[in-house]
Every structure is written in structure tokens, then in C-alpha cells.
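S.K.: Please find entry10.pdb (PDB, C-alpha atoms, pLDDT in the B column) on the next line:
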ATOM      1  CA  MET A   1      44.202 -73.089  17.627  1.00 56.00           C
ATOM      2  CA  SER A   2      40.532 -73.927  17.143  1.00 82.00           C
ATOM      3  CA  GLU A   3      38.447 -71.975  14.707  1.00 91.00           C
ATOM      4  CA  LYS A   4      36.020 -69.398  16.057  1.00 95.00           C
ATOM      5  CA  ILE A   5      33.491 -68.144  13.501  1.00 98.00           C
ATOM      6  CA  GLY A   6      31.875 -64.745  13.295  1.00 98.00           C
ATOM      7  CA  ILE A   7      28.780 -64.039  11.229  1.00 98.00           C
ATOM      8  CA  LEU A   8      28.220 -60.534   9.896  1.00 98.00           C
ATOM      9  CA  ALA A   9      24.599 -60.224   8.764  1.00 98.00           C
ATOM     10  CA  ILE A  10      24.330 -57.283   6.373  1.00 98.00           C
ATOM     11  CA  GLY A  11      21.036 -55.479   5.842  1.00 96.00           C
ATOM     12  CA  HIS A  12      20.234 -52.697   3.421  1.00 95.00           C
ATOM     13  CA  GLY A  13      19.244 -50.206   6.105  1.00 94.00           C
ATOM     14  CA  SER A  14      16.302 -47.847   6.166  1.00 92.00           C
ATOM     15  CA  ARG A  15      15.073 -44.663   7.771  1.00 92.00           C
ATOM     16  CA  LEU A  16      12.123 -46.748   9.013  1.00 90.00           C
ATOM     17  CA  PRO A  17      13.082 -48.447  12.292  1.00 88.00           C
ATOM     18  CA  TYR A  18      10.946 -51.535  11.681  1.00 90.00           C
ATOM     19  CA  ASN A  19      12.899 -52.466   8.544  1.00 89.00           C
ATOM     20  CA  ASN A  20      16.145 -52.463  10.513  1.00 92.00           C
ATOM     21  CA  GLN A  21      14.520 -54.305  13.394  1.00 95.00           C
ATOM     22  CA  VAL A  22      13.668 -57.220  11.089  1.00 95.00           C
ATOM     23  CA  VAL A  23      17.345 -57.698  10.183  1.00 96.00           C
ATOM     24  CA  THR A  24      18.381 -57.345  13.814  1.00 96.00           C
ATOM     25  CA  GLU A  25      15.765 -59.904  14.887  1.00 97.00           C
ATOM     26  CA  ILE A  26      17.048 -62.363  12.271  1.00 97.00           C
ATOM     27  CA  THR A  27      20.571 -61.848  13.596  1.00 97.00           C
ATOM     28  CA  ASN A  28      19.353 -62.417  17.159  1.00 97.00           C
ATOM     29  CA  MET A  29      17.624 -65.650  16.103  1.00 97.00           C
ATOM     30  CA  ILE A  30      20.853 -66.928  14.541  1.00 98.00           C
ATOM     31  CA  SER A  31      22.799 -65.991  17.665  1.00 97.00           C
ATOM     32  CA  GLU A  32      20.326 -67.729  19.981  1.00 98.00           C
ATOM     33  CA  ALA A  33      20.195 -70.876  17.843  1.00 98.00           C
ATOM     34  CA  HIS A  34      23.980 -71.010  17.403  1.00 98.00           C
ATOM     35  CA  PRO A  35      25.636 -69.573  20.532  1.00 97.00           C
ATOM     36  CA  GLU A  36      29.023 -70.930  19.452  1.00 96.00           C
ATOM     37  CA  TYR A  37      29.146 -68.188  16.772  1.00 98.00           C
ATOM     38  CA  ILE A  38      29.749 -64.465  17.305  1.00 98.00           C
ATOM     39  CA  VAL A  39      26.956 -62.746  15.351  1.00 98.00           C
ATOM     40  CA  LYS A  40      26.847 -59.052  14.437  1.00 98.00           C
ATOM     41  CA  THR A  41      24.577 -56.870  12.308  1.00 98.00           C
ATOM     42  CA  GLY A  42      25.620 -54.078   9.939  1.00 97.00           C
ATOM     43  CA  PHE A  43      23.760 -51.902   7.456  1.00 97.00           C
ATOM     44  CA  MET A  44      24.675 -50.415   4.086  1.00 96.00           C
ATOM     45  CA  GLU A  45      22.604 -47.211   4.293  1.00 94.00           C
ATOM     46  CA  ASN A  46      20.646 -44.969   6.663  1.00 94.00           C
ATOM     47  CA  SER A  47      21.296 -47.092   9.752  1.00 93.00           C
ATOM     48  CA  LYS A  48      23.797 -47.924  12.448  1.00 95.00           C
ATOM     49  CA  PRO A  49      25.952 -49.778  12.870  1.00 97.00           C
ATOM     50  CA  THR A  50      27.398 -49.499   9.383  1.00 97.00           C
ATOM     51  CA  VAL A  51      28.968 -52.559   7.801  1.00 97.00           C
ATOM     52  CA  GLU A  52      32.401 -51.111   8.606  1.00 97.00           C
ATOM     53  CA  GLU A  53      31.456 -50.493  12.252  1.00 97.00           C
ATOM     54  CA  ALA A  54      29.993 -53.983  12.607  1.00 98.00           C
ATOM     55  CA  LEU A  55      33.094 -55.538  11.049  1.00 98.00           C
ATOM     56  CA  MET A  56      35.356 -53.672  13.460  1.00 97.00           C
ATOM     57  CA  SER A  57      33.196 -54.780  16.408  1.00 97.00           C
ATOM     58  CA  PHE A  58      34.599 -58.299  15.981  1.00 97.00           C
ATOM     59  CA  GLU A  59      37.905 -57.027  17.355  1.00 96.00           C
ATOM     60  CA  GLY A  60      38.668 -58.641  20.700  1.00 95.00           C
ATOM     61  CA  THR A  61      36.228 -61.524  20.159  1.00 96.00           C
ATOM     62  CA  GLY A  62      38.865 -64.012  19.050  1.00 94.00           C
ATOM     63  CA  VAL A  63      37.163 -64.854  15.747  1.00 97.00           C
ATOM     64  CA  THR A  64      39.386 -66.538  13.188  1.00 96.00           C
ATOM     65  CA  THR A  65      36.960 -66.326  10.248  1.00 98.00           C
ATOM     66  CA  ILE A  66      34.069 -63.973   9.522  1.00 98.00           C
ATOM     67  CA  ALA A  67      31.277 -65.030   7.167  1.00 98.00           C
ATOM     68  CA  ALA A  68      29.587 -61.937   5.747  1.00 98.00           C
ATOM     69  CA  ALA A  69      25.980 -62.816   4.866  1.00 98.00           C
ATOM     70  CA  PRO A  70      23.782 -60.334   3.015  1.00 97.00           C
ATOM     71  CA  VAL A  71      20.176 -60.332   4.225  1.00 96.00           C
ATOM     72  CA  PHE A  72      19.007 -59.456   0.715  1.00 95.00           C
ATOM     73  CA  LEU A  73      16.697 -61.434  -1.526  1.00 94.00           C
ATOM     74  CA  ALA A  74      18.684 -61.078  -4.761  1.00 94.00           C
ATOM     75  CA  SER A  75      21.919 -59.721  -6.181  1.00 92.00           C
ATOM     76  CA  GLY A  76      22.122 -56.060  -7.045  1.00 93.00           C
ATOM     77  CA  ILE A  77      24.714 -53.315  -6.884  1.00 95.00           C
ATOM     78  CA  HIS A  78      25.096 -53.572  -3.089  1.00 95.00           C
ATOM     79  CA  ILE A  79      25.697 -57.332  -3.315  1.00 95.00           C
ATOM     80  CA  THR A  80      27.978 -57.358  -6.337  1.00 95.00           C
ATOM     81  CA  MET A  81      29.961 -54.160  -5.824  1.00 95.00           C
ATOM     82  CA  ASP A  82      29.326 -52.126  -2.673  1.00 96.00           C
ATOM     83  CA  ILE A  83      29.617 -54.789   0.036  1.00 97.00           C
ATOM     84  CA  PRO A  84      32.682 -56.463  -1.542  1.00 97.00           C
ATOM     85  CA  ALA A  85      34.318 -53.014  -1.727  1.00 96.00           C
ATOM     86  CA  VAL A  86      33.547 -52.213   1.920  1.00 96.00           C
ATOM     87  CA  LEU A  87      34.945 -55.598   2.992  1.00 97.00           C
ATOM     88  CA  ASP A  88      37.899 -55.266   0.586  1.00 96.00           C
ATOM     89  CA  LEU A  89      37.209 -58.661  -0.968  1.00 97.00           C
ATOM     90  CA  ASP A  90      39.196 -60.133  -3.829  1.00 95.00           C
ATOM     91  CA  PRO A  91      36.843 -59.974  -6.851  1.00 91.00           C
ATOM     92  CA  GLU A  92      37.909 -63.423  -8.072  1.00 92.00           C
ATOM     93  CA  THR A  93      37.538 -65.329  -4.804  1.00 94.00           C
ATOM     94  CA  ASN A  94      35.031 -63.154  -2.873  1.00 93.00           C
ATOM     95  CA  GLU A  95      37.353 -63.540   0.116  1.00 96.00           C
ATOM     96  CA  GLY A  96      39.444 -61.102   2.077  1.00 97.00           C
ATOM     97  CA  GLU A  97      40.993 -60.523   5.454  1.00 96.00           C
ATOM     98  CA  VAL A  98      41.106 -58.037   8.265  1.00 97.00           C
ATOM     99  CA  GLU A  99      43.635 -57.743  11.072  1.00 95.00           C
ATOM    100  CA  PHE A 100      42.602 -57.735  14.716  1.00 93.00           C
ATOM    101  CA  ASP A 101      45.091 -57.674  17.587  1.00 86.00           C
ATOM    102  CA  GLY A 102      47.947 -58.579  15.242  1.00 91.00           C
ATOM    103  CA  GLN A 103      46.096 -61.620  13.858  1.00 92.00           C
ATOM    104  CA  LYS A 104      44.769 -61.980  10.327  1.00 96.00           C
ATOM    105  CA  VAL A 105      41.099 -62.913  10.215  1.00 97.00           C
ATOM    106  CA  LYS A 106      39.699 -64.411   7.023  1.00 97.00           C
ATOM    107  CA  ILE A 107      36.491 -62.958   5.537  1.00 98.00           C
ATOM    108  CA  VAL A 108      34.259 -65.101   3.333  1.00 98.00           C
ATOM    109  CA  TYR A 109      31.172 -63.809   1.540  1.00 97.00           C
ATOM    110  CA  ALA A 110      27.872 -65.681   1.352  1.00 97.00           C
ATOM    111  CA  LYS A 111      25.345 -65.362  -1.448  1.00 95.00           C
ATOM    112  CA  PRO A 112      22.039 -63.479  -0.995  1.00 96.00           C
ATOM    113  CA  LEU A 113      18.933 -65.466  -0.075  1.00 95.00           C
ATOM    114  CA  GLY A 114      17.876 -66.153  -3.659  1.00 94.00           C
ATOM    115  CA  SER A 115      15.064 -68.487  -4.592  1.00 94.00           C
ATOM    116  CA  ASP A 116      14.705 -71.193  -2.001  1.00 94.00           C
ATOM    117  CA  LYS A 117      11.929 -73.555  -0.951  1.00 96.00           C
ATOM    118  CA  LEU A 118      12.101 -72.191   2.606  1.00 95.00           C
ATOM    119  CA  ILE A 119      11.326 -68.677   1.337  1.00 95.00           C
ATOM    120  CA  ALA A 120       8.492 -70.028  -0.821  1.00 96.00           C
ATOM    121  CA  ASP A 121       7.104 -71.800   2.259  1.00 97.00           C
ATOM    122  CA  ILE A 122       7.249 -68.586   4.292  1.00 96.00           C
ATOM    123  CA  ILE A 123       5.397 -66.668   1.572  1.00 96.00           C
ATOM    124  CA  PHE A 124       2.777 -69.401   1.354  1.00 97.00           C
ATOM    125  CA  ASN A 125       2.370 -69.266   5.148  1.00 97.00           C
ATOM    126  CA  ARG A 126       1.834 -65.497   4.968  1.00 96.00           C
ATOM    127  CA  VAL A 127      -0.821 -66.037   2.289  1.00 97.00           C
ATOM    128  CA  GLN A 128      -2.543 -68.586   4.517  1.00 98.00           C
ATOM    129  CA  GLU A 129      -2.470 -66.121   7.410  1.00 97.00           C
ATOM    130  CA  ALA A 130      -4.044 -63.449   5.213  1.00 97.00           C
ATOM    131  CA  LEU A 131      -6.776 -65.786   4.023  1.00 97.00           C
TER     132      LEU A 131
END
Could you take the file, read its structure, and then write that structure out as C-alpha cells?

M.R.:
Amino acid sequence: MSEKIGILAIGHGSRLPYNNQVVTEITNMISEAHPEYIVKTGFMENSKPTVEEALMSFEGTGVTTIAAAPVFLASGIHITMDIPAVLDLDPETNEGEVEFDGQKVKIVYAKPLGSDKLIADIIFNRVQEAL
């Protein structure tokens, strides 16, 4: 059986539609650039689909592993506690599993964006645009 990867991009969620749209657009960009992956979006608060709903939407897709990727700049309570609890991750390994159609699907958890040269470049580009 070949591996089929799902990516669950997790945003904070907001009552302001534009904030959610940004996360959804990022997810769409990943999906378009990497069509071999099944990419879904879920939100922690104030928005749909929830992380739980997005996770369950992988059912029937044939994924064998889901990489949950927080679209957050830095670690906070959502990253360290809330999302791992929702995904039922082992606190020592940051991994878990879910069952779809009688098959166990592995869940792995990516780190938040953090400090990265690509982010610094984007901020510098925004400064140049403003100037």
C-alpha cells in the first residue's frame, strides 16, 4: 500500500471573515502546488469547519497519514495544549491516530511557523510595498 498524505492546516479562527480567508487561501495554495496531497482547513475558534470537523472530513479520502500544521506564528496555549488535546496526541511523541473505514490513520503534528528567513523576507517585502 502506498502512502497517501493529508495536511490539516489549523488556523486560530476569527469572527472577521478576512482572517479566516487568509488561512483558507494558504491552504488552497498548498493544495494547488502539491496536488498529490489531500489538504483541509480547520479552525480552533469562532469559525467553521472546526479542527474536529476538518479532521473527520479526511474520511473516505484514503489518507494513511495526516500532518496537522498550525498556521500560527508562535507556540501558545492552542499550540501546546488545545490542538494536541483535540487531536488526541500523545504528549511525549506529539503523534496520534484516528480510524477511518476500519483503517488506522497516523497523525503527526508540525511546529508553528516560528522565526524563519522566509517570514522575515515577507515582512521586508511588505515594508518595501508600504514605502

S.K.: Find the spatial neighbours of Asp88 (chain A), counting only C-alpha atoms, within a cut-off of 12 Å - ignore same-chain residues fewer than 6 positions away - and output them as JSON, numbers by chain.

M.R.: {"A": [51, 52, 55, 68, 81, 82, 94, 95, 96, 97, 98, 106, 107, 108, 109]}

S.K.: What's the 12 Å shell around Pro112 (chain A), counting all atoms listed in the file, without same-chain residues fewer than 5 positions away, as a list in words?

M.R.: Ala9, Ile10, Gly11, His12, Ala68, Ala69, Pro70, Val71, Phe72, Leu73, Ala74, Ser75, Gly76, His78, Ile79, Thr80 and Ile83 of chain A

S.K.: Generate a file of the selected residues that holds C-alpha atoms, formatted as an mmCIF file, in the coordinates of the input.

M.R.:
data_model
loop_
_atom_site.group_PDB
_atom_site.id
_atom_site.type_symbol
_atom_site.label_atom_id
_atom_site.label_comp_id
_atom_site.auth_asym_id
_atom_site.auth_seq_id
_atom_site.Cartn_x
_atom_site.Cartn_y
_atom_site.Cartn_z
ATOM 1 C CA ALA A 9 24.599 -60.224 8.764
ATOM 2 C CA ILE A 10 24.330 -57.283 6.373
ATOM 3 C CA GLY A 11 21.036 -55.479 5.842
ATOM 4 C CA HIS A 12 20.234 -52.697 3.421
ATOM 5 C CA ALA A 68 29.587 -61.937 5.747
ATOM 6 C CA ALA A 69 25.980 -62.816 4.866
ATOM 7 C CA PRO A 70 23.782 -60.334 3.015
ATOM 8 C CA VAL A 71 20.176 -60.332 4.225
ATOM 9 C CA PHE A 72 19.007 -59.456 0.715
ATOM 10 C CA LEU A 73 16.697 -61.434 -1.526
ATOM 11 C CA ALA A 74 18.684 -61.078 -4.761
ATOM 12 C CA SER A 75 21.919 -59.721 -6.181
ATOM 13 C CA GLY A 76 22.122 -56.060 -7.045
ATOM 14 C CA HIS A 78 25.096 -53.572 -3.089
ATOM 15 C CA ILE A 79 25.697 -57.332 -3.315
ATOM 16 C CA THR A 80 27.978 -57.358 -6.337
ATOM 17 C CA ILE A 83 29.617 -54.789 0.036
#

S.K.: Between CA of Ile77 (chain A) and CA of Ser57 (chain A), what is the spacing in Å?

M.R.: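 Distance reported for this atom pair: 24.8 Å.
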
S.K.: Give me, as a list in words, all polymer residues having an atom no more than 10 Å from Asn20 (chain A), counting all atoms listed in the file and skipping those fewer than 3 positions away in the same chain.

M.R.: Gly11, His12, Gly13, Ser14, Arg15, Leu16, Pro17, Val23, Thr24, Glu25, Thr41, Gly42, Phe43, Asn46, Ser47 and Lys48 of chain A

S.K.: Might you spell out which residues the PyMOL selection byres ((chain A and resi 32-40) around 6) would select in the displayed file, as JSON, numbers by chain?

M.R.: {"A": [5, 6, 7, 8, 29, 30, 31, 41]}

S.K.: At what distance in Å, to one decimal, does CA of Phe100 (chain A) lie from CA of Thr64 (chain A)?

M.R.: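 These two atoms are separated by 9.5 Å.
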